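File shown: start_22.txt (compact mmCIF, C-alpha atoms).
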```
# COMPACT_ATOMS: atom_id res chain seq x y z
CA MET F 940 -15.39 3.54 -15.18
CA ASN F 941 -15.16 6.88 -13.36
CA CYS F 942 -12.59 9.67 -13.48
CA GLU F 943 -10.34 9.40 -10.43
CA VAL F 944 -10.17 13.18 -10.04
CA CYS F 945 -13.79 14.33 -10.40
CA GLY F 946 -15.70 11.04 -10.34
CA LEU F 947 -17.37 11.68 -13.72
CA LYS F 948 -18.55 8.48 -15.43
CA ILE F 949 -16.44 7.95 -18.55
CA ARG F 950 -16.43 5.55 -21.49
CA ILE F 951 -13.00 6.44 -22.81
CA ASN F 952 -10.04 6.32 -20.46
CA TRP F 953 -7.88 9.39 -21.12
CA GLY F 954 -5.37 8.32 -18.50
CA SER F 955 -2.32 6.09 -18.73
CA GLY F 956 -3.82 2.58 -18.61
CA HIS F 957 -4.27 2.03 -14.88
CA VAL F 958 -5.23 5.66 -14.18
CA ALA F 959 -8.84 6.50 -15.14
CA LEU F 960 -9.27 10.13 -16.20
CA CYS F 961 -11.88 12.11 -18.11
CA GLU F 962 -10.83 14.29 -21.06
CA GLU F 963 -10.84 17.44 -18.92
CA HIS F 964 -8.34 15.93 -16.47
CA SER F 965 -6.33 13.91 -19.00
CA ASP F 966 -3.18 15.93 -18.27
CA CYS F 967 -3.29 15.04 -14.55
CA ALA F 968 -1.92 11.48 -14.82
CA ASP F 969 1.55 12.19 -13.40
CA GLU F 970 0.21 14.27 -10.52
CA LEU F 971 -2.41 11.65 -9.78
CA GLU F 972 0.23 8.94 -9.54
CA GLN F 973 2.12 11.05 -7.00
CA ALA F 974 -1.12 11.67 -5.11
CA LYS F 975 -1.81 7.94 -4.94
CA LEU F 976 1.65 7.29 -3.57
CA ALA F 977 1.20 10.00 -0.95
CA TYR F 978 -2.21 8.74 0.10
CA ALA F 979 -0.88 5.20 0.29
CA ALA F 980 1.25 6.38 3.22
CA HIS F 981 -1.94 6.62 5.25
CA PHE F 982 -2.44 2.91 4.72
CA ALA F 983 1.06 1.75 5.64
CA GLU F 984 2.94 0.89 8.80
CA ASP F 985 6.28 2.52 9.58
CA ASP F 986 8.11 -0.18 7.63
CA GLY F 987 5.99 0.43 4.53
CA THR F 988 3.83 -2.71 4.82
CA PRO F 989 0.03 -2.30 4.56
CA ALA F 990 -1.54 -1.17 7.82
CA LEU F 991 -3.67 -3.64 9.73
CA ALA F 992 -7.38 -2.91 9.73
CA SER F 993 -8.56 -1.34 12.96
CA ARG F 994 -10.68 -3.34 15.38
CA TRP F 995 -13.50 -0.84 14.87
CA THR F 996 -13.56 -1.24 11.07
CA ARG F 997 -13.49 -5.02 11.38
CA LEU F 998 -16.39 -4.88 13.83
CA CYS F 999 -18.39 -2.66 11.47
CA ALA F 1000 -17.66 -4.99 8.53
CA ALA F 1001 -18.75 -8.02 10.57
CA PHE F 1002 -21.92 -6.19 11.64
CA ILE F 1003 -22.79 -5.38 8.02
CA ASP F 1004 -22.20 -8.98 6.96
CA GLY F 1005 -24.27 -10.22 9.89
CA ILE F 1006 -27.21 -7.97 9.01
CA ILE F 1007 -27.09 -9.15 5.39
CA ILE F 1008 -27.04 -12.85 6.23
CA MET F 1009 -29.81 -12.40 8.81
CA ALA F 1010 -31.94 -10.57 6.24
CA VAL F 1011 -31.83 -13.56 3.88
CA THR F 1012 -31.81 -16.39 6.46
CA LEU F 1013 -34.61 -15.29 8.80
CA PRO F 1014 -37.34 -15.52 6.12
CA PHE F 1015 -36.18 -19.08 5.37
CA MET F 1016 -36.33 -19.95 9.08
CA PHE F 1017 -39.86 -18.52 9.29
CA TYR F 1018 -40.78 -20.62 6.25
CA LEU F 1019 -39.54 -23.75 8.07
CA ASP F 1020 -41.41 -22.68 11.24
CA PHE F 1021 -38.05 -23.00 13.01
CA TRP F 1022 -39.13 -21.51 16.33
CA GLY F 1023 -42.48 -23.27 16.32
CA VAL F 1024 -40.77 -26.65 15.94
CA ILE F 1025 -38.37 -25.83 18.78
CA ALA F 1026 -41.23 -24.76 21.05
CA GLU F 1027 -43.08 -28.00 20.30
CA GLN F 1028 -40.17 -30.43 20.58
CA GLN F 1029 -38.08 -28.50 23.16
CA VAL F 1030 -34.96 -29.26 21.11
CA VAL F 1031 -33.61 -28.26 17.71
CA PRO F 1032 -34.05 -31.25 15.37
CA VAL F 1033 -30.83 -32.20 13.60
CA GLU F 1034 -32.54 -32.22 10.19
CA LEU F 1035 -33.80 -28.67 10.73
CA SER F 1036 -30.38 -27.45 11.84
CA ILE F 1037 -28.78 -28.97 8.73
CA LYS F 1038 -31.30 -27.29 6.45
CA VAL F 1039 -30.65 -23.86 7.99
CA ALA F 1040 -26.87 -24.39 7.94
CA LEU F 1041 -26.84 -25.45 4.28
CA PHE F 1042 -29.06 -22.53 3.30
CA SER F 1043 -26.84 -20.09 5.22
CA TRP F 1044 -23.72 -21.41 3.50
CA ALA F 1045 -25.39 -21.21 0.09
CA MET F 1046 -26.33 -17.58 0.75
CA PHE F 1047 -22.82 -16.84 2.02
CA PHE F 1048 -21.29 -18.04 -1.25
CA LEU F 1049 -23.92 -16.26 -3.32
CA ILE F 1050 -23.47 -12.93 -1.52
CA HIS F 1051 -19.75 -12.88 -0.77
CA GLY F 1052 -18.22 -15.45 -3.13
CA TYR F 1053 -17.32 -13.12 -5.99
CA LEU F 1054 -15.71 -10.48 -3.78
CA LEU F 1055 -13.82 -13.07 -1.74
CA LYS F 1056 -12.41 -14.66 -4.89
CA LYS F 1057 -11.51 -11.40 -6.64
CA LYS F 1058 -10.51 -9.12 -3.74
CA GLY F 1059 -10.38 -11.13 -0.53
CA GLN F 1060 -13.36 -9.17 0.77
CA THR F 1061 -16.87 -9.77 2.01
CA VAL F 1062 -19.51 -7.14 1.27
CA GLY F 1063 -18.90 -5.58 4.70
CA LYS F 1064 -15.14 -5.51 4.20
CA ASN F 1065 -15.58 -3.96 0.76
CA ILE F 1066 -17.74 -1.19 2.21
CA MET F 1067 -15.24 -0.56 5.02
CA ASP F 1068 -12.21 -0.66 2.64
CA ILE F 1069 -10.45 -3.56 4.32
CA ALA F 1070 -9.37 -6.92 2.88
CA ILE F 1071 -8.09 -10.36 3.86
CA VAL F 1072 -4.54 -11.14 2.78
CA THR F 1073 -1.98 -13.81 3.59
CA THR F 1074 0.68 -12.97 6.16
CA ASP F 1075 3.06 -12.11 3.31
CA GLY F 1076 0.52 -9.68 1.81
CA HIS F 1077 -0.97 -11.70 -1.06
CA LYS F 1078 -4.62 -12.34 -1.87
CA PRO F 1079 -5.47 -15.78 -0.46
CA GLU F 1080 -6.67 -18.61 -2.67
CA PHE F 1081 -10.46 -18.78 -2.58
CA PHE F 1082 -10.93 -22.42 -1.55
CA SER F 1083 -8.11 -22.26 0.97
CA LEU F 1084 -9.76 -19.17 2.45
CA ILE F 1085 -13.11 -20.92 2.81
CA ILE F 1086 -11.77 -24.23 4.11
CA ARG F 1087 -9.20 -22.81 6.55
CA ARG F 1088 -10.65 -19.44 7.60
CA TYR F 1089 -14.43 -19.79 7.55
CA PHE F 1090 -15.33 -23.49 7.76
CA PRO F 1091 -13.53 -24.37 11.06
CA VAL F 1092 -15.11 -21.44 12.92
CA ALA F 1093 -18.57 -22.27 11.56
CA LEU F 1094 -18.12 -25.93 12.48
CA VAL F 1095 -17.08 -25.07 16.04
CA SER F 1096 -20.10 -22.78 16.47
CA TYR F 1097 -22.40 -25.78 15.90
CA ILE F 1098 -21.00 -27.66 18.92
CA PRO F 1099 -23.75 -27.80 21.58
CA PHE F 1100 -23.25 -25.74 24.74
CA ILE F 1101 -19.61 -24.75 24.21
CA GLY F 1102 -19.79 -23.61 20.58
CA GLN F 1103 -20.83 -20.06 21.42
CA TYR F 1104 -18.01 -19.70 23.94
CA LEU F 1105 -15.40 -20.97 21.50
CA SER F 1106 -16.67 -18.47 18.93
CA LEU F 1107 -16.34 -15.71 21.52
CA ILE F 1108 -12.76 -16.74 22.29
CA ASP F 1109 -12.02 -16.65 18.56
CA ASN F 1110 -13.27 -13.06 18.32
CA LEU F 1111 -11.50 -11.94 21.50
CA PHE F 1112 -8.16 -12.73 19.87
CA ILE F 1113 -8.67 -9.47 17.93
CA PHE F 1114 -7.21 -7.74 20.99
CA ARG F 1115 -3.80 -9.28 20.33
CA LYS F 1116 -1.15 -6.87 19.15
CA ASP F 1117 -1.29 -8.29 15.62
CA LYS F 1118 -5.14 -8.10 15.63
CA ARG F 1119 -5.43 -11.67 14.33
CA CYS F 1120 -8.36 -13.80 15.47
CA VAL F 1121 -8.06 -17.56 15.84
CA HIS F 1122 -9.47 -18.03 12.34
CA ASP F 1123 -6.69 -15.75 11.02
CA LEU F 1124 -4.07 -17.85 12.80
CA ILE F 1125 -5.53 -21.06 11.38
CA ALA F 1126 -5.71 -19.69 7.84
CA GLY F 1127 -2.44 -17.74 7.93
CA THR F 1128 -4.22 -14.48 7.14
CA LYS F 1129 -4.54 -10.93 8.39
CA VAL F 1130 -6.89 -8.05 7.56
CA ILE F 1131 -5.45 -4.83 6.15
CA GLU F 1132 -6.60 -1.37 5.14
CA VAL F 1133 -6.91 -0.87 1.38
CA LEU F 1134 -7.24 2.17 -0.84
CA ASN F 1135 -10.48 1.30 -2.65
CA ASN F 1136 -12.39 3.62 -4.96
CA LYS F 1137 -11.35 6.76 -3.09
CA LYS F 1138 -11.52 9.98 -5.12
CA ILE F 1139 -8.19 11.73 -4.74
CA SER F 1140 -7.62 15.45 -4.65
CA ILE F 1141 -4.36 16.21 -6.43
CA ALA F 1142 -3.63 19.24 -4.26
CA GLU F 1143 -4.00 17.51 -0.87
CA PRO F 1144 -1.08 15.04 -0.91
CA GLN F 1145 1.35 17.93 -0.63
CA GLU F 1146 0.41 18.11 3.06
CA ILE F 1147 1.15 14.46 3.79
CA THR F 1148 4.51 14.03 5.49
CA GLY F 1149 4.62 10.46 6.79
CA ALA F 1150 2.88 7.20 7.38
CA VAL F 1151 0.42 6.56 10.14
CA SER F 1152 -0.27 3.15 11.62
```
Conversion result in structure tokens:
Amino acid sequence: MNCEVCGLKIRINWGSGHVALCEEHSDCADELEQAKLAYAAHFAEDDGTPALASRWTRLCAAFIDGIIIMAVTLPFMFYLDFWGVIAEQQVVPVELSIKVALFSWAMFFLIHGYLLKKKGQTVGKNIMDIAIVTTDGHKPEFFSLIIRRYFPVALVSYIPFIGQYLSLIDNLFIFRKDKRCVHDLIAGTKVIEVLNNKKISIAEPQEITGAVS
């Protein structure tokens, strides 16, 4: 673990259980708790509920996840000579599509499964400090999240001709006031800002006066 004041890697936690502090800053626990509360205001709406993730952060998270899955899937597609087969047959064989889809899903679970189960985050969401929660603010059940939030959208994207347009419509729903895409509406989820692994300066929270949305 690391000290939450200076970031020093520590083996013994000198803080009060849920507050990680090095020996030098062991007397800062109370102030750190107040600092966390003050900083939390930056991640809350006016009514005190967690603030929704911005459209920009969600886009960045999706971009990161997309780059990761492409990095692992493209070599597999080259191995299958995916584009060569298409050029020769003028269509995408069903068997080839199934192989790529199954491989992509396997990589998705391998890369994002742990974070989704533990934190409701993909790698991209973890990097951007945002997370998926239920509409009442709880971490969603893992299998419910996969079956209701990810699987329907993936299934729709495989529909010939109209799949890409339906996926676009799904993403365009982000411009609703509640910033919930179609897959959020299906799964009963939303994406919020979280305070993850941020080193906190004890002096700064004194300047914080209110929440921002």
Subject >> Pick from F:Ala1000, F:Asp1068, F:Ala1040, F:Thr1073 nearest to Leu1094 (chain F), counting all atoms listed in the file >> reply: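 Looking at the shortest contact to Leu1094 (chain F), the residue is F:Ala1040.
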Which residues, written as an mmCIF file with C-alpha atoms, keeping the file's coordinate frame, have at least one atom at most 12 Å from Asp1123 (chain F), with only C-alpha atoms counted and residues fewer than 2 positions away on the same chain left out?
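Full text of part.cif as output:
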```cif
data_model
loop_
_atom_site.group_PDB
_atom_site.id
_atom_site.type_symbol
_atom_site.label_atom_id
_atom_site.label_comp_id
_atom_site.auth_asym_id
_atom_site.auth_seq_id
_atom_site.Cartn_x
_atom_site.Cartn_y
_atom_site.Cartn_z
ATOM 1 C CA ILE F 1071 -8.090 -10.360 3.860
ATOM 2 C CA VAL F 1072 -4.540 -11.140 2.780
ATOM 3 C CA THR F 1073 -1.980 -13.810 3.590
ATOM 4 C CA THR F 1074 0.680 -12.970 6.160
ATOM 5 C CA PRO F 1079 -5.470 -15.780 -0.460
ATOM 6 C CA LEU F 1084 -9.760 -19.170 2.450
ATOM 7 C CA ILE F 1085 -13.110 -20.920 2.810
ATOM 8 C CA ARG F 1087 -9.200 -22.810 6.550
ATOM 9 C CA ARG F 1088 -10.650 -19.440 7.600
ATOM 10 C CA TYR F 1089 -14.430 -19.790 7.550
ATOM 11 C CA PRO F 1091 -13.530 -24.370 11.060
ATOM 12 C CA VAL F 1092 -15.110 -21.440 12.920
ATOM 13 C CA ASP F 1109 -12.020 -16.650 18.560
ATOM 14 C CA ASN F 1110 -13.270 -13.060 18.320
ATOM 15 C CA PHE F 1112 -8.160 -12.730 19.870
ATOM 16 C CA ILE F 1113 -8.670 -9.470 17.930
ATOM 17 C CA ARG F 1115 -3.800 -9.280 20.330
ATOM 18 C CA ASP F 1117 -1.290 -8.290 15.620
ATOM 19 C CA LYS F 1118 -5.140 -8.100 15.630
ATOM 20 C CA ARG F 1119 -5.430 -11.670 14.330
ATOM 21 C CA CYS F 1120 -8.360 -13.800 15.470
ATOM 22 C CA VAL F 1121 -8.060 -17.560 15.840
ATOM 23 C CA ILE F 1125 -5.530 -21.060 11.380
ATOM 24 C CA ALA F 1126 -5.710 -19.690 7.840
ATOM 25 C CA GLY F 1127 -2.440 -17.740 7.930
ATOM 26 C CA THR F 1128 -4.220 -14.480 7.140
ATOM 27 C CA LYS F 1129 -4.540 -10.930 8.390
ATOM 28 C CA VAL F 1130 -6.890 -8.050 7.560
#
```
**OP:** One decimal, Å: what's the distance from CA of Met1067 (chain F) over to CA of Ser993 (chain F), could you say?
**Re:**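 Taking CA of Met1067 (chain F) and CA of Ser993 (chain F), their separation equals 10.4 Å.
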Original post:
Closest to Pro989 (chain F) among F:Phe1081, F:Leu1124, F:Asp1075, F:Leu1111, using all atoms listed in the file?
Top reply: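 The answer is F:Asp1075, which sits nearest to Pro989 (chain F).
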**OP:** Counting all atoms listed in the file, figure out which residue out of F:Asp1004, F:Arg994, F:Asn941, F:Trp1022 gets nearest to Gly1063 (chain F).
**Re:**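 The answer is F:Asp1004, which sits nearest to Gly1063 (chain F).
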Subject >> Using all atoms listed in the file: which of F:Val1024, F:Met1016, F:Leu1054, F:Ala959 has the shortest distance to Leu1041 (chain F) >> reply: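 Once distances to Leu1041 (chain F) are computed over all atoms listed in the file, the minimum belongs to F:Met1016.
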Original post:
Hey, what's within 10 Å of Ile1066 (chain F) if we count only C-alpha atoms and toss same-chain stuff fewer than 4 positions away? As a ChimeraX atom specification, please?
Top reply: /F:996,999-1000,1003,1060-1062,1135
**OP:** Quick one: pull the distance between CA of Tyr1097 (chain F) and CA of Ala1070 (chain F), Å, one decimal.
**Re:** 26.4 Å
Original post:
What does the distance from CA of Pro1032 (chain F) to CA of Pro1099 (chain F) come to in Å, to one decimal?
Top reply: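 If I compute the distance from CA of Pro1032 (chain F) to CA of Pro1099 (chain F), I get 12.5 Å.
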Subject >> Among the residues F:Phe1114, F:Tyr1018, F:Phe1090, F:Phe1100, the one that comes closest to Val1039 (chain F) [using only C-alpha atoms] >> reply: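 Ranking F:Phe1114, F:Tyr1018, F:Phe1090, F:Phe1100 by distance to Val1039 (chain F), first place goes to F:Tyr1018.
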**OP:** Point out the residue among F:Gln1103, F:Phe1021, F:Ala992, F:Asp969 with the least atom-to-atom distance to Ile1069 (chain F), counting only C-alpha atoms.
**Re:**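 Closest residue, counting only C-alpha atoms: F:Ala992.
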